[in-house]
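What's in coords32.txt: compact mmCIF, C-alpha atoms
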# COMPACT_ATOMS: atom_id res chain seq x y z
CA MET A 609 -4.67 -12.29 22.41
CA ASP A 610 -1.15 -11.24 21.46
CA LYS A 611 -0.72 -10.39 17.78
CA LYS A 612 2.80 -11.07 16.57
CA GLY A 613 4.34 -9.72 13.41
CA PHE A 614 3.89 -6.63 11.29
CA THR A 615 0.65 -5.25 9.92
CA ILE A 616 0.96 -2.87 6.97
CA GLU A 617 -2.22 -1.08 5.86
CA VAL A 618 -2.61 1.11 2.78
CA THR A 619 -5.62 3.43 2.47
CA SER A 620 -6.55 6.61 0.63
CA ARG A 621 -9.24 9.25 0.91
CA TYR A 622 -8.88 10.11 -2.78
CA ASP A 623 -12.21 9.81 -4.66
CA GLY A 624 -10.48 7.99 -7.52
CA TRP A 625 -8.77 5.40 -5.26
CA TRP A 626 -10.99 2.77 -6.89
CA ARG A 627 -9.00 3.23 -10.14
CA TYR A 628 -5.92 1.60 -8.56
CA ASN A 629 -4.92 -1.89 -7.51
CA ALA A 630 -2.61 -2.14 -4.50
CA ALA A 631 -0.13 -4.99 -4.04
CA LEU A 632 2.16 -5.49 -1.05
CA MET A 633 4.85 -8.11 -0.60
CA CYS A 634 7.74 -8.49 1.77
CA GLY A 635 10.58 -10.65 2.92
CA CYS A 636 10.68 -11.20 6.69
CA PHE A 637 14.11 -11.25 8.35
CA ASP A 638 15.58 -12.21 11.72
CA ALA A 639 18.09 -10.12 13.70
CA ALA A 640 20.98 -11.80 11.80
CA ASP A 641 19.45 -10.49 8.54
CA GLN A 642 18.51 -13.99 7.36
CA ARG A 643 15.20 -14.25 5.50
CA ILE A 644 12.81 -16.40 7.52
CA GLY A 645 9.58 -15.83 5.62
CA PHE A 646 7.59 -14.07 2.92
CA ALA A 647 4.14 -12.47 2.92
CA SER A 648 1.95 -10.81 0.32
CA ALA A 649 -1.49 -9.22 0.02
CA GLU A 650 -3.43 -7.24 -2.54
CA SER A 651 -6.54 -5.20 -3.04
CA ALA A 652 -7.41 -5.63 -6.71
CA VAL A 653 -10.39 -3.90 -8.29
CA ALA A 654 -9.91 -4.73 -11.99
CA PRO A 655 -7.25 -5.93 -14.42
CA ALA A 656 -4.82 -3.33 -15.79
CA GLY A 657 -6.32 -1.58 -18.79
CA ALA A 658 -9.93 -2.16 -17.68
CA ASN A 659 -10.79 1.53 -18.21
CA LEU A 660 -13.90 1.43 -16.03
CA THR A 661 -16.23 4.42 -16.17
CA GLU A 662 -17.13 4.35 -12.47
CA ARG A 663 -16.36 2.58 -9.21
CA PRO A 664 -17.84 -0.93 -9.17
CA ALA A 665 -20.76 -1.23 -6.73
CA ASP A 666 -19.03 -4.03 -4.78
CA VAL A 667 -15.87 -1.96 -4.15
CA PRO A 668 -16.11 0.23 -1.03
CA ALA A 669 -14.83 3.81 -1.41
CA ASP A 670 -12.76 3.39 1.77
CA ARG A 671 -11.15 0.07 0.85
CA SER A 672 -7.71 -0.84 2.12
CA ALA A 673 -4.96 -3.32 1.41
CA VAL A 674 -3.62 -5.07 4.52
CA LEU A 675 -0.49 -7.22 4.79
CA GLU A 676 0.16 -9.29 7.92
CA THR A 677 3.46 -11.06 8.57
CA MET A 678 4.89 -13.63 10.89
CA ALA A 679 6.92 -12.44 13.90
CA CYS A 680 10.28 -11.15 12.64
CA ASP A 681 12.94 -8.54 13.40
CA HIS A 682 12.51 -6.48 10.24
CA LEU A 683 11.20 -6.70 6.71
CA LEU A 684 11.84 -5.44 3.23
CA LEU A 685 8.50 -4.17 1.90
CA TYR A 686 7.52 -3.67 -1.72
CA LEU A 687 4.38 -1.64 -2.35
CA TYR A 688 2.88 -1.24 -5.81
CA ILE A 689 0.01 1.11 -6.66
CA ILE A 690 -1.07 0.16 -10.18
CA PRO A 691 -3.66 2.08 -12.20
CA HIS A 692 -6.18 -0.10 -14.02
CA THR A 693 -8.20 2.91 -15.22
CA LEU A 694 -6.40 6.10 -16.24
CA PRO A 695 -7.85 9.57 -15.63
CA ALA A 696 -10.64 10.47 -18.08
CA GLY A 697 -9.12 13.83 -19.04
CA ASN A 698 -5.65 15.26 -19.34
CA ASP A 699 -6.19 18.57 -17.53
CA ILE A 700 -3.19 19.02 -15.24
CA ASP A 701 -5.23 20.49 -12.37
CA ALA A 702 -7.66 17.55 -12.50
CA THR A 703 -4.89 14.94 -12.45
CA ARG A 704 -2.70 16.16 -9.62
CA PRO A 705 -1.00 13.48 -7.50
CA PHE A 706 -3.07 12.03 -4.66
CA GLU A 707 -2.11 10.72 -1.23
CA ILE A 708 -2.15 7.27 0.25
CA GLU A 709 -1.64 6.57 3.93
CA LEU A 710 0.64 3.79 5.08
CA ARG A 711 0.07 2.53 8.65
CA ILE A 712 2.78 0.27 10.06
CA SER A 713 2.20 -1.70 13.27
CA TYR A 714 4.07 -4.47 15.07
CA ALA A 715 2.48 -6.85 17.58
CA GLY A 716 -0.61 -4.64 17.59
CA ARG A 717 1.33 -1.45 18.40
CA LEU A 718 1.36 1.38 15.85
CA LEU A 719 4.97 2.14 14.87
CA ARG A 720 4.30 4.91 12.38
CA THR A 721 1.96 6.42 9.86
CA GLU A 722 3.22 8.08 6.72
CA LYS A 723 1.71 9.62 3.63
CA ARG A 724 2.97 9.02 0.10
CA THR A 725 2.12 11.02 -3.00
CA ILE A 726 0.97 8.94 -5.98
CA ASN A 727 1.05 10.01 -9.62
CA GLN A 728 -2.41 9.42 -11.16
CA TRP A 729 -0.93 8.23 -14.46
CA SER A 730 1.91 5.98 -13.39
CA GLY A 731 0.96 4.85 -9.87
CA ALA A 732 3.92 4.01 -7.64
CA SER A 733 6.53 1.44 -6.78
CA VAL A 734 7.96 1.76 -3.26
CA GLU A 735 10.67 -0.28 -1.57
CA MET A 736 11.29 0.26 2.13
CA ARG A 737 12.95 -1.43 5.08
CA VAL A 738 10.69 -1.62 8.12
CA GLU A 739 12.08 -2.34 11.58
CA THR A 740 10.42 -3.14 14.88
CA LYS A 741 12.29 -0.32 16.58
CA LYS A 742 12.84 3.18 15.34

Encoding of this model in structure tokens:
Amino acid sequence: MDKKGFTIEVTSRYDGWWRYNAALMCGCFDAADQRIGFASAESAVAPAGANLTERPADVPADRSAVLETMACDHLLLYLYIIPHTLPAGNDIDATRPFEIELRISYAGRLLRTEKRTINQWSGASVEMRVETKK
């Protein structure tokens, strides 16, 4: 089976990854730079401000957020990492930024993998253009 379109996957090995919601959305464009579609996905654990004391039992530690698009030439991706539970303490060493991994594939073929550093307090807002060819 041929898979068409982009697949964007966001994961993290950070123990506190459960404290963040991840939202992805994108506009899909053709070679003439005309928008031909839109896609979105999220991995939400809790509403912002929930201030949970531990990871909910139904949330896997290795969860991911996956966005799949229609076939297109390129896309404009927006990725939001939003804390719903802030760090318990304010010790700088204990609240260092953590990494997420972004895996970008097209038609089932991995195009690239990149790591992004996320501030534990503010999360992140990322805008990026993703093309089928590099």

Residues near region 614-631 of chain A, cut-off 8 Å, all atoms listed in the file, skip fewer than 3 positions along chain, as a ChimeraX atom specification: /A:648-654,660,663,667,669-680,687-694,706-716,731

Requested write-out: C-alpha atoms of the selected residues, as a PDB file, keeping the file's coordinate frame:
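Output file again.pdb follows:
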ATOM      1  CA  SER A 648       1.950 -10.810   0.320  1.00  0.00           C
ATOM      2  CA  ALA A 649      -1.490  -9.220   0.020  1.00  0.00           C
ATOM      3  CA  GLU A 650      -3.430  -7.240  -2.540  1.00  0.00           C
ATOM      4  CA  SER A 651      -6.540  -5.200  -3.040  1.00  0.00           C
ATOM      5  CA  ALA A 652      -7.410  -5.630  -6.710  1.00  0.00           C
ATOM      6  CA  VAL A 653     -10.390  -3.900  -8.290  1.00  0.00           C
ATOM      7  CA  ALA A 654      -9.910  -4.730 -11.990  1.00  0.00           C
ATOM      8  CA  LEU A 660     -13.900   1.430 -16.030  1.00  0.00           C
ATOM      9  CA  ARG A 663     -16.360   2.580  -9.210  1.00  0.00           C
ATOM     10  CA  VAL A 667     -15.870  -1.960  -4.150  1.00  0.00           C
ATOM     11  CA  ALA A 669     -14.830   3.810  -1.410  1.00  0.00           C
ATOM     12  CA  ASP A 670     -12.760   3.390   1.770  1.00  0.00           C
ATOM     13  CA  ARG A 671     -11.150   0.070   0.850  1.00  0.00           C
ATOM     14  CA  SER A 672      -7.710  -0.840   2.120  1.00  0.00           C
ATOM     15  CA  ALA A 673      -4.960  -3.320   1.410  1.00  0.00           C
ATOM     16  CA  VAL A 674      -3.620  -5.070   4.520  1.00  0.00           C
ATOM     17  CA  LEU A 675      -0.490  -7.220   4.790  1.00  0.00           C
ATOM     18  CA  GLU A 676       0.160  -9.290   7.920  1.00  0.00           C
ATOM     19  CA  THR A 677       3.460 -11.060   8.570  1.00  0.00           C
ATOM     20  CA  MET A 678       4.890 -13.630  10.890  1.00  0.00           C
ATOM     21  CA  ALA A 679       6.920 -12.440  13.900  1.00  0.00           C
ATOM     22  CA  CYS A 680      10.280 -11.150  12.640  1.00  0.00           C
ATOM     23  CA  LEU A 687       4.380  -1.640  -2.350  1.00  0.00           C
ATOM     24  CA  TYR A 688       2.880  -1.240  -5.810  1.00  0.00           C
ATOM     25  CA  ILE A 689       0.010   1.110  -6.660  1.00  0.00           C
ATOM     26  CA  ILE A 690      -1.070   0.160 -10.180  1.00  0.00           C
ATOM     27  CA  PRO A 691      -3.660   2.080 -12.200  1.00  0.00           C
ATOM     28  CA  HIS A 692      -6.180  -0.100 -14.020  1.00  0.00           C
ATOM     29  CA  THR A 693      -8.200   2.910 -15.220  1.00  0.00           C
ATOM     30  CA  LEU A 694      -6.400   6.100 -16.240  1.00  0.00           C
ATOM     31  CA  PHE A 706      -3.070  12.030  -4.660  1.00  0.00           C
ATOM     32  CA  GLU A 707      -2.110  10.720  -1.230  1.00  0.00           C
ATOM     33  CA  ILE A 708      -2.150   7.270   0.250  1.00  0.00           C
ATOM     34  CA  GLU A 709      -1.640   6.570   3.930  1.00  0.00           C
ATOM     35  CA  LEU A 710       0.640   3.790   5.080  1.00  0.00           C
ATOM     36  CA  ARG A 711       0.070   2.530   8.650  1.00  0.00           C
ATOM     37  CA  ILE A 712       2.780   0.270  10.060  1.00  0.00           C
ATOM     38  CA  SER A 713       2.200  -1.700  13.270  1.00  0.00           C
ATOM     39  CA  TYR A 714       4.070  -4.470  15.070  1.00  0.00           C
ATOM     40  CA  ALA A 715       2.480  -6.850  17.580  1.00  0.00           C
ATOM     41  CA  GLY A 716      -0.610  -4.640  17.590  1.00  0.00           C
ATOM     42  CA  GLY A 731       0.960   4.850  -9.870  1.00  0.00           C
TER      43      GLY A 731
END

Report, in Å with one decimal, the straight-line distance from CA of Leu685 (chain A) to CA of Val738 (chain A).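 Straight-line distance from CA of Leu685 (chain A) to CA of Val738 (chain A) works out to 7.1 Å.
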
Nearest residue to Asp641 (chain A) from the set A:Lys723, A:Arg737, A:Asp666, A:Arg717 (distances using all atoms listed in the file):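 For Asp641 (chain A), the nearest of the candidates is A:Arg737.
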
Residue nearest Phe646 (chain A) - candidates A:Leu684, A:Ile700, A:Ala658, A:Pro668, atoms counted: only C-alpha atoms: A:Leu684

Find the distance between CA of Pro695 (chain A) and CA of Ala656 (chain A) and write it in Å to one decimal.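 If I compute the distance from CA of Pro695 (chain A) to CA of Ala656 (chain A), I get 13.3 Å.
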
Which is closer to Arg720 (chain A) than all the others in A:Glu739, A:Phe637, A:Thr703, A:Asp681, using all atoms listed in the file?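 Of A:Glu739, A:Phe637, A:Thr703, A:Asp681, the one nearest Arg720 (chain A) is A:Glu739, counting all atoms listed in the file.
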
Report the centre and edge lengths, in Å to one decimal, of an axis-aligned box enclosing every atom of region 647-657 of chain A listed in the file, padded by 3 Å on each side, as JSON.
{"center_x": -3.1, "center_y": -7.0, "center_z": -7.9, "size_x": 20.5, "size_y": 16.9, "size_z": 27.7}

Between CA of Gly635 (chain A) and CA of Pro705 (chain A) - distance in Å to one decimal: 28.7 Å

Could you tell me, as a list of chain:residue names, which residues have any atom at most 6 Å from (5.5, -7.8, -4.3), counting all atoms listed in the file?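 Result, sorted by chain then residue number: A:Leu632, A:Met633, A:Tyr686.
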
With only C-alpha atoms as the atoms that count, which of A:Asp638, A:Asn698, A:His682, A:Ala647 lies nearest to Thr740 (chain A)? A:His682

Go through A:Leu719, A:Ala640, A:Ala702, A:Cys634 and flag the residue nearest Glu735 (chain A), using all atoms listed in the file for the distances.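 Looking only at the distances to Glu735 (chain A), the closest residue turns out to be A:Cys634.
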